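Content type mmCIF, C-alpha atoms and all ligand atoms, from the file entry-v3.cif:
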```
data_my_file
#
loop_
_atom_site.label_atom_id
_atom_site.label_comp_id
_atom_site.auth_asym_id
_atom_site.auth_seq_id
_atom_site.Cartn_x
_atom_site.Cartn_y
_atom_site.Cartn_z
CA MET A 579 -18.26 -7.51 -107.34
CA ASN A 580 -17.59 -4.70 -104.88
CA HIS A 581 -14.20 -4.22 -103.27
CA HIS A 582 -15.32 -5.88 -100.04
CA ASP A 583 -16.12 -9.10 -101.90
CA LEU A 584 -12.66 -8.95 -103.41
CA LEU A 585 -11.04 -8.42 -100.02
CA ARG A 586 -12.99 -11.31 -98.51
CA GLU A 587 -11.57 -13.46 -101.28
CA LEU A 588 -7.97 -12.20 -101.19
CA GLN A 589 -7.42 -11.64 -97.47
CA LEU A 590 -4.47 -13.45 -95.89
CA LYS A 591 -3.65 -13.86 -92.22
CA ASN A 592 -0.23 -13.07 -90.82
CA ASN A 593 1.22 -11.53 -87.70
CA SER A 594 1.44 -8.00 -89.02
CA LYS A 595 0.11 -5.01 -87.11
CA ILE A 596 -1.55 -1.99 -88.69
CA VAL A 597 -2.14 1.31 -86.91
CA LEU A 598 -4.58 3.86 -88.33
CA LEU A 599 -4.10 7.16 -86.55
CA VAL A 600 -6.91 9.55 -87.38
CA ALA A 601 -6.43 13.21 -86.58
CA ASP A 602 -9.98 14.42 -86.99
CA GLY A 603 -10.37 17.21 -89.52
CA LEU A 604 -6.61 17.17 -90.18
CA GLY A 605 -6.64 18.96 -93.54
CA GLY A 606 -6.54 22.74 -93.53
CA LEU A 607 -6.08 25.86 -95.59
CA PRO A 608 -3.72 28.83 -95.48
CA ILE A 609 -5.33 31.90 -93.93
CA THR A 610 -4.17 34.01 -96.88
CA PRO A 611 -3.55 32.68 -100.38
CA GLY A 612 0.03 31.52 -100.79
CA GLY A 613 0.49 30.95 -97.04
CA GLN A 614 0.83 27.70 -95.18
CA THR A 615 -1.83 25.42 -93.75
CA GLU A 616 -2.03 24.44 -90.08
CA LEU A 617 -0.22 21.17 -90.77
CA GLU A 618 2.48 22.94 -92.78
CA THR A 619 2.93 25.58 -90.10
CA ALA A 620 3.23 23.05 -87.28
CA ARG A 621 6.69 21.87 -86.24
CA THR A 622 6.39 18.12 -86.75
CA PRO A 623 9.81 16.44 -86.74
CA ASN A 624 8.36 12.98 -86.15
CA LEU A 625 5.72 13.17 -88.86
CA ASP A 626 8.33 14.59 -91.24
CA ALA A 627 10.67 11.69 -90.51
CA LEU A 628 7.82 9.31 -91.28
CA ALA A 629 7.03 11.25 -94.45
CA THR A 630 10.64 10.80 -95.55
CA ARG A 631 10.48 7.05 -94.97
CA GLY A 632 6.93 6.58 -96.16
CA VAL A 633 4.62 7.60 -98.95
CA LEU A 634 2.17 10.50 -99.02
CA GLY A 635 -1.10 11.20 -100.76
CA LEU A 636 -4.46 12.92 -100.50
CA SER A 637 -7.63 11.03 -99.78
CA THR A 638 -11.11 12.03 -100.88
CA PRO A 639 -13.52 11.07 -98.09
CA VAL A 640 -16.70 10.72 -100.16
CA LEU A 641 -16.55 12.36 -103.59
CA PRO A 642 -14.73 15.43 -104.90
CA GLY A 643 -16.53 18.52 -103.65
CA ILE A 644 -18.59 16.71 -101.03
CA THR A 645 -18.12 17.88 -97.44
CA PRO A 646 -18.54 14.90 -95.14
CA GLY A 647 -19.62 14.61 -91.55
CA SER A 648 -17.38 12.57 -89.27
CA GLY A 649 -19.66 9.55 -89.68
CA PRO A 650 -19.17 9.08 -93.43
CA GLY A 651 -15.58 10.30 -93.05
CA HIS A 652 -14.73 7.46 -90.70
CA LEU A 653 -16.69 4.83 -92.58
CA GLY A 654 -14.60 5.71 -95.62
CA LEU A 655 -11.35 5.32 -93.67
CA PHE A 656 -12.57 1.96 -92.37
CA GLY A 657 -13.03 0.96 -96.02
CA TYR A 658 -16.81 1.16 -96.19
CA ASP A 659 -18.34 3.11 -99.04
CA PRO A 660 -19.98 6.06 -97.28
CA LEU A 661 -22.55 6.32 -100.07
CA GLU A 662 -23.59 2.70 -99.64
CA PHE A 663 -23.65 2.64 -95.84
CA ARG A 664 -25.56 5.65 -94.62
CA ILE A 665 -25.95 6.48 -90.98
CA GLY A 666 -29.06 8.35 -89.89
CA ARG A 667 -28.86 11.31 -87.53
CA GLY A 668 -30.67 9.47 -84.77
CA VAL A 669 -28.19 6.64 -85.02
CA LEU A 670 -25.22 9.02 -84.89
CA GLU A 671 -26.71 10.82 -81.91
CA ALA A 672 -27.18 7.51 -80.08
CA LEU A 673 -23.63 6.44 -80.93
CA GLY A 674 -22.49 9.81 -79.66
CA ILE A 675 -23.72 9.05 -76.15
CA ASP A 676 -22.18 5.56 -76.13
CA PHE A 677 -25.59 3.88 -76.49
CA ASP A 678 -25.01 0.36 -77.73
CA LEU A 679 -27.53 0.10 -80.57
CA GLY A 680 -28.72 -3.37 -81.50
CA PRO A 681 -30.27 -4.66 -84.74
CA ASP A 682 -33.84 -4.31 -83.37
CA ASP A 683 -33.39 -0.70 -82.32
CA VAL A 684 -34.82 2.39 -83.95
CA ALA A 685 -32.85 5.46 -82.89
CA ILE A 686 -34.41 8.91 -82.81
CA ARG A 687 -32.97 12.30 -82.12
CA GLY A 688 -35.33 14.41 -80.03
CA ASN A 689 -35.50 18.14 -79.47
CA PHE A 690 -37.40 19.47 -76.47
CA CYS A 691 -39.78 22.22 -77.59
CA THR A 692 -42.38 24.53 -76.10
CA LEU A 693 -46.08 24.11 -76.89
CA ASP A 694 -48.71 26.74 -76.18
CA ALA A 695 -52.16 25.94 -74.74
CA SER A 696 -53.50 25.08 -78.20
CA GLY A 697 -50.65 22.61 -78.89
CA LYS A 698 -48.73 24.84 -81.30
CA ILE A 699 -44.94 25.11 -81.09
CA THR A 700 -43.72 28.47 -79.80
CA ASP A 701 -40.04 27.52 -79.41
CA ARG A 702 -38.43 24.61 -81.28
CA ARG A 703 -35.60 24.38 -78.72
CA ALA A 704 -37.52 25.00 -75.49
CA GLY A 705 -35.47 28.11 -74.68
CA ARG A 706 -32.30 25.99 -74.85
CA ILE A 707 -32.90 24.55 -71.40
CA ALA A 708 -29.90 23.63 -69.27
CA SER A 709 -28.50 20.12 -69.68
CA GLU A 710 -29.38 19.44 -66.03
CA ILE A 711 -33.09 20.06 -66.73
CA GLY A 712 -33.00 17.98 -69.90
CA LYS A 713 -31.50 15.13 -67.91
CA LYS A 714 -34.30 15.22 -65.30
CA LEU A 715 -36.98 15.28 -67.99
CA CYS A 716 -35.37 12.32 -69.75
CA GLU A 717 -35.43 10.36 -66.49
CA LYS A 718 -39.19 10.94 -66.29
CA LEU A 719 -39.74 10.00 -69.92
CA ASP A 720 -37.60 6.89 -69.59
CA LYS A 721 -40.24 5.43 -67.25
CA ILE A 722 -42.94 5.44 -69.93
CA GLN A 723 -43.95 1.95 -70.95
CA ILE A 724 -45.45 0.87 -74.27
CA PRO A 725 -46.60 -2.75 -74.57
CA GLY A 726 -44.54 -4.96 -76.89
CA VAL A 727 -41.44 -2.75 -77.05
CA GLU A 728 -38.74 -1.31 -74.84
CA ILE A 729 -38.15 2.43 -74.86
CA PHE A 730 -34.98 4.17 -73.74
CA VAL A 731 -34.80 7.94 -73.29
CA ARG A 732 -31.36 9.50 -72.77
CA PRO A 733 -30.22 13.12 -72.49
CA VAL A 734 -27.63 14.46 -74.93
CA LYS A 735 -27.06 18.13 -74.17
CA GLU A 736 -29.34 21.07 -73.43
CA TYR A 737 -32.59 20.54 -75.37
CA ARG A 738 -31.37 17.45 -77.21
CA LEU A 739 -32.25 13.88 -76.33
CA VAL A 740 -32.11 10.39 -77.79
CA ILE A 741 -35.03 7.99 -77.87
CA VAL A 742 -34.48 4.35 -78.77
CA ILE A 743 -37.40 2.05 -79.51
CA ARG A 744 -36.42 -1.61 -79.28
CA GLY A 745 -38.68 -4.26 -80.73
CA LYS A 746 -38.91 -6.93 -83.41
CA GLY A 747 -39.96 -5.98 -86.92
CA LEU A 748 -39.72 -2.20 -86.55
CA GLY A 749 -38.80 -0.11 -89.57
CA GLY A 750 -36.83 3.12 -89.55
CA ALA A 751 -38.48 4.97 -92.43
CA VAL A 752 -40.50 7.47 -90.40
CA ASN A 753 -40.70 11.22 -91.05
CA ASP A 754 -39.45 13.93 -88.69
CA THR A 755 -42.21 15.38 -86.54
CA ASP A 756 -40.42 18.74 -86.32
CA PRO A 757 -42.36 21.07 -88.65
CA GLN A 758 -39.24 23.32 -88.90
CA LYS A 759 -41.28 26.37 -87.91
CA THR A 760 -43.22 27.78 -84.99
CA GLY A 761 -46.95 28.57 -84.79
CA VAL A 762 -47.96 25.09 -85.93
CA ALA A 763 -48.40 21.77 -84.13
CA PRO A 764 -45.75 19.04 -84.40
CA LEU A 765 -46.35 16.64 -87.29
CA GLU A 766 -47.68 13.14 -86.75
CA PRO A 767 -45.22 10.27 -87.26
CA GLN A 768 -45.96 8.34 -90.48
CA GLY A 769 -44.22 5.19 -91.66
CA ARG A 770 -43.24 4.88 -95.30
CA ASP A 771 -43.68 1.08 -95.27
CA ALA A 772 -45.53 -1.47 -93.12
CA ALA A 773 -42.67 -2.06 -90.68
CA SER A 774 -42.09 1.67 -90.32
CA GLN A 775 -45.81 2.28 -89.85
CA LYS A 776 -45.55 -0.03 -86.84
CA THR A 777 -42.78 2.20 -85.48
CA ALA A 778 -44.88 5.29 -86.19
CA GLU A 779 -47.84 3.85 -84.24
CA ILE A 780 -45.59 3.14 -81.24
CA ALA A 781 -44.09 6.62 -81.51
CA LYS A 782 -47.63 8.10 -81.45
CA GLN A 783 -48.50 6.19 -78.27
CA PHE A 784 -45.22 7.25 -76.71
CA LEU A 785 -45.75 10.91 -77.65
CA ALA A 786 -49.28 10.90 -76.18
CA LYS A 787 -47.98 9.60 -72.86
CA ALA A 788 -44.99 11.94 -72.95
CA LYS A 789 -47.24 14.97 -73.43
CA GLU A 790 -49.03 14.03 -70.23
CA VAL A 791 -45.76 13.45 -68.34
CA LEU A 792 -44.32 16.83 -69.41
CA LYS A 793 -47.49 18.93 -69.13
CA ASP A 794 -46.16 21.00 -66.20
CA ASP A 795 -42.59 21.30 -67.45
CA HIS A 796 -42.87 24.52 -69.44
CA PRO A 797 -40.78 25.57 -71.40
CA ALA A 798 -39.80 21.98 -72.20
CA ASN A 799 -43.33 20.60 -72.29
CA PHE A 800 -42.94 18.43 -75.39
CA PHE A 801 -40.36 17.30 -77.95
CA THR A 802 -40.09 16.67 -81.66
CA LEU A 803 -38.62 13.58 -83.29
CA ARG A 804 -35.93 13.80 -85.97
CA GLY A 805 -33.52 11.61 -87.90
CA ILE A 806 -35.45 8.43 -87.16
CA ASP A 807 -33.44 5.46 -88.39
CA LYS A 808 -32.10 2.00 -87.70
CA ARG A 809 -28.49 1.06 -87.39
CA PRO A 810 -27.41 0.11 -90.92
CA ALA A 811 -26.52 -3.52 -91.52
CA ILE A 812 -22.75 -3.31 -91.85
CA PRO A 813 -20.48 -6.30 -92.44
CA THR A 814 -17.99 -6.68 -89.62
CA PHE A 815 -14.43 -5.49 -89.95
CA GLU A 816 -13.13 -8.94 -89.08
CA GLU A 817 -15.23 -10.64 -91.73
CA VAL A 818 -14.23 -8.25 -94.52
CA TYR A 819 -10.53 -7.88 -93.70
CA GLY A 820 -9.77 -10.95 -91.59
CA MET A 821 -8.32 -8.75 -88.86
CA LYS A 822 -9.21 -8.28 -85.24
CA ALA A 823 -9.54 -4.57 -84.62
CA GLY A 824 -9.33 -2.52 -81.46
CA ALA A 825 -10.42 1.12 -81.22
CA VAL A 826 -8.61 3.54 -78.94
CA ALA A 827 -10.88 6.58 -79.06
CA VAL A 828 -11.78 8.97 -76.27
CA TYR A 829 -14.95 10.59 -77.65
CA PRO A 830 -18.18 8.58 -77.68
CA MET A 831 -19.11 9.26 -81.29
CA TYR A 832 -15.89 7.73 -82.61
CA ARG A 833 -16.17 4.83 -80.22
CA GLY A 834 -19.69 4.40 -81.63
CA LEU A 835 -18.47 4.50 -85.23
CA ALA A 836 -15.89 1.83 -84.42
CA ARG A 837 -18.59 -0.24 -82.73
CA LEU A 838 -20.73 0.10 -85.86
CA VAL A 839 -18.16 -1.96 -87.82
CA SER A 840 -17.76 -4.32 -84.84
CA MET A 841 -14.32 -3.23 -83.66
CA ASP A 842 -13.60 -3.85 -80.00
CA VAL A 843 -13.86 -0.52 -78.24
CA LEU A 844 -11.09 -0.26 -75.66
CA ASP A 845 -10.96 1.96 -72.62
CA ALA A 846 -8.89 4.83 -73.97
CA GLY A 847 -8.70 7.11 -70.92
CA GLN A 848 -8.75 10.85 -71.59
CA THR A 849 -5.42 11.94 -73.04
CA LEU A 850 -3.06 11.00 -75.85
CA ALA A 851 -0.72 9.53 -73.23
CA ASP A 852 -3.58 7.34 -71.94
CA GLN A 853 -4.35 6.27 -75.50
CA CYS A 854 -0.71 5.35 -76.13
CA ALA A 855 -0.61 3.36 -72.91
CA ARG A 856 -3.73 1.48 -73.97
CA LEU A 857 -2.24 0.80 -77.38
CA GLU A 858 0.90 -0.62 -75.78
CA GLN A 859 -1.13 -2.78 -73.43
CA ALA A 860 -3.39 -4.18 -76.13
CA TRP A 861 -0.62 -4.57 -78.73
CA ASN A 862 -0.60 -8.35 -78.73
CA ASP A 863 -4.38 -8.69 -78.74
CA TYR A 864 -5.24 -7.15 -82.11
CA ASP A 865 -4.09 -7.00 -85.74
CA PHE A 866 -5.45 -3.53 -86.39
CA PHE A 867 -5.72 -0.45 -84.22
CA PHE A 868 -7.81 2.64 -84.84
CA MET A 869 -6.65 5.57 -82.75
CA HIS A 870 -8.65 8.79 -82.84
CA TYR A 871 -7.53 12.32 -81.98
CA LYS A 872 -10.32 14.89 -81.78
CA TYR A 873 -8.64 18.24 -81.19
CA THR A 874 -7.42 18.93 -84.72
CA ASP A 875 -11.10 19.14 -85.65
CA SER A 876 -12.45 21.08 -82.68
CA THR A 877 -9.76 23.77 -82.97
CA GLY A 878 -10.49 24.00 -86.71
CA GLU A 879 -14.21 24.38 -86.00
CA ASP A 880 -13.37 27.13 -83.52
CA GLY A 881 -11.49 28.93 -86.29
CA ASN A 882 -8.39 28.91 -84.09
CA PHE A 883 -5.44 28.44 -86.46
CA PRO A 884 -2.67 28.65 -83.80
CA ALA A 885 -4.53 26.21 -81.52
CA LYS A 886 -4.88 23.71 -84.36
CA VAL A 887 -1.14 24.06 -85.06
CA GLU A 888 -0.43 23.39 -81.40
CA ARG A 889 -2.70 20.34 -81.35
CA ILE A 890 -0.90 18.93 -84.39
CA GLU A 891 2.43 19.45 -82.61
CA GLN A 892 1.09 17.62 -79.54
CA LEU A 893 0.12 14.69 -81.73
CA ASP A 894 3.55 14.71 -83.35
CA ALA A 895 5.15 14.54 -79.92
CA VAL A 896 3.55 11.19 -79.04
CA LEU A 897 4.42 9.48 -82.33
CA PRO A 898 7.66 7.93 -81.00
CA ARG A 899 5.54 5.90 -78.59
CA ILE A 900 3.60 4.47 -81.52
CA THR A 901 6.59 3.85 -83.78
CA ALA A 902 8.41 2.18 -80.85
CA LEU A 903 5.83 -0.60 -81.16
CA LYS A 904 7.09 -1.17 -84.73
CA PRO A 905 3.77 -1.42 -86.54
CA ASP A 906 4.17 -3.03 -89.97
CA VAL A 907 1.95 -0.35 -91.42
CA LEU A 908 1.35 3.04 -89.84
CA ILE A 909 -1.13 5.43 -91.42
CA VAL A 910 -1.66 9.00 -90.28
CA THR A 911 -4.61 10.79 -91.84
CA GLY A 912 -7.89 12.56 -91.12
CA ASP A 913 -11.56 11.78 -91.74
CA HIS A 914 -12.04 15.09 -93.59
CA SER A 915 -10.53 18.57 -93.62
CA THR A 916 -11.54 21.22 -91.08
CA PRO A 917 -9.75 24.42 -92.11
CA SER A 918 -9.67 27.00 -89.32
CA LYS A 919 -10.25 29.58 -92.02
CA MET A 920 -13.69 28.08 -92.72
CA LYS A 921 -14.55 27.14 -89.12
CA SER A 922 -16.19 24.01 -90.49
CA HIS A 923 -15.63 20.70 -92.21
CA SER A 924 -14.75 21.02 -95.88
CA TRP A 925 -14.51 18.99 -99.06
CA HIS A 926 -10.76 19.39 -99.47
CA PRO A 927 -8.87 16.13 -99.80
CA VAL A 928 -7.10 14.92 -96.67
CA PRO A 929 -3.34 14.61 -96.12
CA THR A 930 -2.41 10.96 -95.76
CA LEU A 931 0.85 9.33 -94.75
CA LEU A 932 1.57 5.62 -95.01
CA VAL A 933 4.74 4.04 -93.67
CA ALA A 934 5.74 0.46 -94.27
CA ASP A 935 8.97 -1.34 -95.10
CA ASN A 936 7.73 -2.10 -98.59
CA CYS A 937 6.23 1.25 -99.52
CA ARG A 938 7.61 2.91 -102.60
CA PRO A 939 9.31 6.08 -101.41
CA ASP A 940 8.51 9.44 -102.92
CA ALA A 941 10.53 12.62 -102.72
CA CYS A 942 8.49 14.06 -99.84
CA THR A 943 10.30 14.85 -96.62
CA LYS A 944 7.60 16.85 -94.86
CA PHE A 945 3.98 16.02 -94.01
CA GLY A 946 1.74 18.76 -95.38
CA GLU A 947 -0.98 19.39 -97.93
CA ALA A 948 1.39 20.58 -100.68
CA THR A 949 3.82 17.68 -100.23
CA CYS A 950 0.92 15.22 -100.13
CA LEU A 951 -0.10 16.50 -103.54
CA GLN A 952 3.34 15.41 -104.82
CA GLY A 953 3.21 12.12 -102.95
CA GLY A 954 3.34 8.60 -104.34
CA LEU A 955 -0.16 7.64 -103.26
CA GLY A 956 -1.61 10.40 -105.43
CA GLN A 957 -5.21 11.28 -104.83
CA PHE A 958 -7.44 8.37 -103.98
CA GLN A 959 -10.82 7.61 -102.45
CA ALA A 960 -10.64 7.03 -98.72
CA LYS A 961 -12.58 3.78 -99.04
CA TYR A 962 -9.49 2.23 -100.67
CA LEU A 963 -7.16 3.13 -97.82
CA MET A 964 -7.80 -0.23 -96.15
CA THR A 965 -6.86 -2.05 -99.36
CA LEU A 966 -3.55 -0.18 -99.37
CA ALA A 967 -3.02 -0.91 -95.68
CA MET A 968 -3.61 -4.61 -96.16
CA ALA A 969 -1.38 -4.79 -99.23
CA HIS A 970 1.50 -3.15 -97.40
CA ALA A 971 0.94 -5.53 -94.47
CA GLY A 972 1.21 -8.54 -96.78
CA ARG A 973 -2.38 -9.42 -96.08
CA LEU A 974 -3.63 -9.68 -99.68
CA GLU A 975 -3.18 -12.51 -102.09
CA LYS A 976 -2.65 -11.93 -105.80
CA TYR A 977 -5.84 -11.36 -107.81
CA GLY A 978 -6.05 -13.88 -110.64
CA ALA A 979 -3.34 -16.09 -112.04
ZN ZN B 1 -14.41 14.38 -88.15
#
```

For this file, produce the structure as structure tokens.
Amino acid sequence: MNHHDLLRELQLKNNSKIVLLVADGLGGLPITPGGQTELETARTPNLDALATRGVLGLSTPVLPGITPGSGPGHLGLFGYDPLEFRIGRGVLEALGIDFDLGPDDVAIRGNFCTLDASGKITDRRAGRIASEIGKKLCEKLDKIQIPGVEIFVRPVKEYRLVIVIRGKGLGGAVNDTDPQKTGVAPLEPQGRDAASQKTAEIAKQFLAKAKEVLKDDHPANFFTLRGIDKRPAIPTFEEVYGMKAGAVAVYPMYRGLARLVSMDVLDAGQTLADQCARLEQAWNDYDFFFMHYKYTDSTGEDGNFPAKVERIEQLDAVLPRITALKPDVLIVTGDHSTPSKMKSHSWHPVPTLLVADNCRPDACTKFGEATCLQGGLGQFQAKYLMTLAMAHAGRLEKYGA
């Protein structure tokens, strides 16, 4: 029995409200050994007050030492084992442009490239064409028709695009056509099973027509296919936890991840204030709210320690609007760490704060990596965060007599 089966069995309904506030890439590192992290440096009176009332811990997004992308990071927080439910790159890219993927869709990430007269790749990114050009080319490609399926072609940014093939009985196990080097022709799509071979045949037809359509569009006169995959079959949030969930996320990828587990994706506006307003408005309509804050990650990726500190302080400043709603359980955490020092995601466990009337207090009075290490939640796998949330919300029955 996996933990989802257990939760299906033990879930109880009540009127409690749970808020999961995800500060993307929240965890950090001191710039010099012995110093303070971004979160520890930030002045966070509201988070510290919650830390005093609540219980702290460190969550491991996937496994110790594994650096996760935001996809697996969020699936873990939503209580889905990120090793069991894997999201292909094409699927993530499609989610990232708010494309509503259905069960019959195969999603593909495309890269415009340059072919020479003999059909060999001379530039795998087509000279990094401007987004505006990519958009026009996608509009042309979107008109291509292949009998028996629907094809959608959407621009992402610069030389990147998304292709979605929609049709019954299509498999997603098809190789990348990007040979990963120049001076050779793109590879042919090949399916690894019968259903995927069907996809590969359609992709071949599509590529042949596309080559004709793009023949005068040097440097972007062709494209390679990567990360071909279908949307994984994921049990819905409501079925597993018995809660109606609303997502208040600004950025498309996180809206897409919420959609993947069948949360309702609400119009979140652009700013934290907009998000809070949406949360207040929708308060009576849902049991569970996922609120996403991007800038703790982007400033970390930029390697900008002071900016990340400032973004954490901005998040702290809106917390009174959330606590004023009196959620029964409020969790503040991240989907992974993004230390400014590393300018990238990292494997370090993620500071986590849980506040509920029935949580067992620990001695922590500040929200930071070092205090989280001393916290009452200890170190735990992110996929069990939802179990803790439900328990503290009184939404789980006793297991066994
Ligand atoms: Zn992330």

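Using only C-alpha atoms and all ligand atoms, the shortest contact distance between ligand ZN 1 (chain B) and any of A:His582, A:Arg833, A:His652, A:Arg744 is found at A:His652.
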
Could you list, as a PyMOL selection string, all protein and nucleic acid residues with an atom at most 8 Å from ligand ZN 1 (chain B), counting all atoms listed in the file? chain A and resi 602-603+647-649+651-652+872+875+912-916+923

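Nearest residue to Leu719 (chain A), choosing from A:Gly705, A:Gly761, A:Gly745, A:Gly688 and counting all atoms listed in the file: A:Gly688.
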
Using only C-alpha atoms, can you tell me which of A:Leu850, A:Val640, A:Ile909, A:Met920 comes closest to Asp880 (chain A)? A:Met920

Ala960 (chain A) environment, 6 Å, all atoms listed in the file, sequence neighbours closer than 2 positions dropped, as a VMD selection string: chain A and resid 637 to 639 654 to 655 962 to 963

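For region 722-737 of chain A, the residues within 7 Å (counting only C-alpha atoms, excluding itself and residues fewer than 6 positions away along the chain) are Ile675, Asn689, Phe690, Arg703, Ala704, Arg706, Ile707, Ala708, Ser709, Gly712, Lys713, Cys716, Ile743, Arg744, Gly745 and Phe784 of chain A.
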
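Taking CA of Ala934 (chain A) as the reference point, CA of Ala971 (chain A) is found at 7.7 Å.
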
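The two atoms in question, CA of Asn580 (chain A) and CA of Ser924 (chain A), are spaced 27.4 Å apart.
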
For Gly632 (chain A), which residue among A:Asp935, A:Glu947, A:Glu779, A:Glu766 is the nearest when counting all atoms listed in the file? A:Asp935

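Among the candidates A:Leu897, A:Ile780, A:Leu584, A:Leu590, the one nearest to Glu975 (chain A) when counting all atoms listed in the file is A:Leu590.
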
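The shortest atom-to-atom distance to Gly972 (chain A), with only C-alpha atoms taken into account, belongs to A:Asn936 out of A:Tyr829, A:Asn936, A:Lys721, A:Trp925.
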
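We find CA of Asn882 (chain A) and CA of Ala629 (chain A) to be spaced 25.6 Å apart.
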
Applying 7 Å and all atoms listed in the file, which residues near Leu844 (chain A) remain after dropping the ones on its own chain fewer than 6 positions away? List them as a ChimeraX atom specification. /A:824-826

Thr965 (chain A) surroundings by all atoms listed in the file, 9 Å radius, close-in-sequence under 2 positions cut, as a PyMOL selection string: chain A and resi 581+585+657+819+961-963+967-970+974

Repair of region 859-873 of chain A at the level of N, CA, C and O atoms, as a compact mmCIF listing (two decimals), in the coordinates of the input:
```
# COMPACT_ATOMS: atom_id res chain seq x y z
N GLN A 859 -0.57 -1.66 -74.19
CA GLN A 859 -1.13 -2.78 -73.43
C GLN A 859 -1.81 -3.81 -74.32
O GLN A 859 -1.72 -5.00 -74.10
N ALA A 860 -2.55 -3.30 -75.31
CA ALA A 860 -3.39 -4.18 -76.13
C ALA A 860 -2.64 -4.69 -77.37
O ALA A 860 -3.22 -5.39 -78.20
N TRP A 861 -1.37 -4.33 -77.48
CA TRP A 861 -0.62 -4.57 -78.73
C TRP A 861 -0.69 -6.01 -79.21
O TRP A 861 -0.83 -6.28 -80.40
N ASN A 862 -0.61 -6.95 -78.30
CA ASN A 862 -0.60 -8.35 -78.73
C ASN A 862 -1.99 -8.92 -78.99
O ASN A 862 -2.12 -10.03 -79.48
N ASP A 863 -3.02 -8.14 -78.66
CA ASP A 863 -4.38 -8.69 -78.74
C ASP A 863 -5.08 -8.43 -80.08
O ASP A 863 -6.13 -9.01 -80.34
N TYR A 864 -4.54 -7.54 -80.88
CA TYR A 864 -5.24 -7.15 -82.11
C TYR A 864 -4.28 -7.08 -83.29
O TYR A 864 -3.07 -6.93 -83.13
N ASP A 865 -4.87 -7.15 -84.51
CA ASP A 865 -4.09 -7.00 -85.74
C ASP A 865 -4.11 -5.55 -86.20
O ASP A 865 -3.20 -5.08 -86.87
N PHE A 866 -5.20 -4.88 -85.86
CA PHE A 866 -5.45 -3.53 -86.39
C PHE A 866 -5.89 -2.63 -85.26
O PHE A 866 -6.72 -3.01 -84.43
N PHE A 867 -5.34 -1.43 -85.25
CA PHE A 867 -5.72 -0.45 -84.22
C PHE A 867 -6.19 0.84 -84.89
O PHE A 867 -5.52 1.36 -85.79
N PHE A 868 -7.32 1.32 -84.42
CA PHE A 868 -7.81 2.64 -84.84
C PHE A 868 -7.65 3.57 -83.64
O PHE A 868 -8.19 3.31 -82.57
N MET A 869 -6.84 4.61 -83.83
CA MET A 869 -6.65 5.57 -82.75
C MET A 869 -7.18 6.92 -83.23
O MET A 869 -6.86 7.35 -84.35
N HIS A 870 -7.98 7.55 -82.41
CA HIS A 870 -8.65 8.79 -82.84
C HIS A 870 -8.22 9.97 -81.98
O HIS A 870 -8.13 9.88 -80.76
N TYR A 871 -7.94 11.08 -82.65
CA TYR A 871 -7.53 12.32 -81.98
C TYR A 871 -8.48 13.42 -82.40
O TYR A 871 -8.58 13.76 -83.58
N LYS A 872 -9.20 13.99 -81.46
CA LYS A 872 -10.32 14.89 -81.78
C LYS A 872 -9.90 16.35 -82.01
O LYS A 872 -10.55 17.08 -82.75
N TYR A 873 -8.84 16.80 -81.35
CA TYR A 873 -8.64 18.24 -81.19
C TYR A 873 -8.21 18.99 -82.45
O TYR A 873 -8.31 20.21 -82.51
```
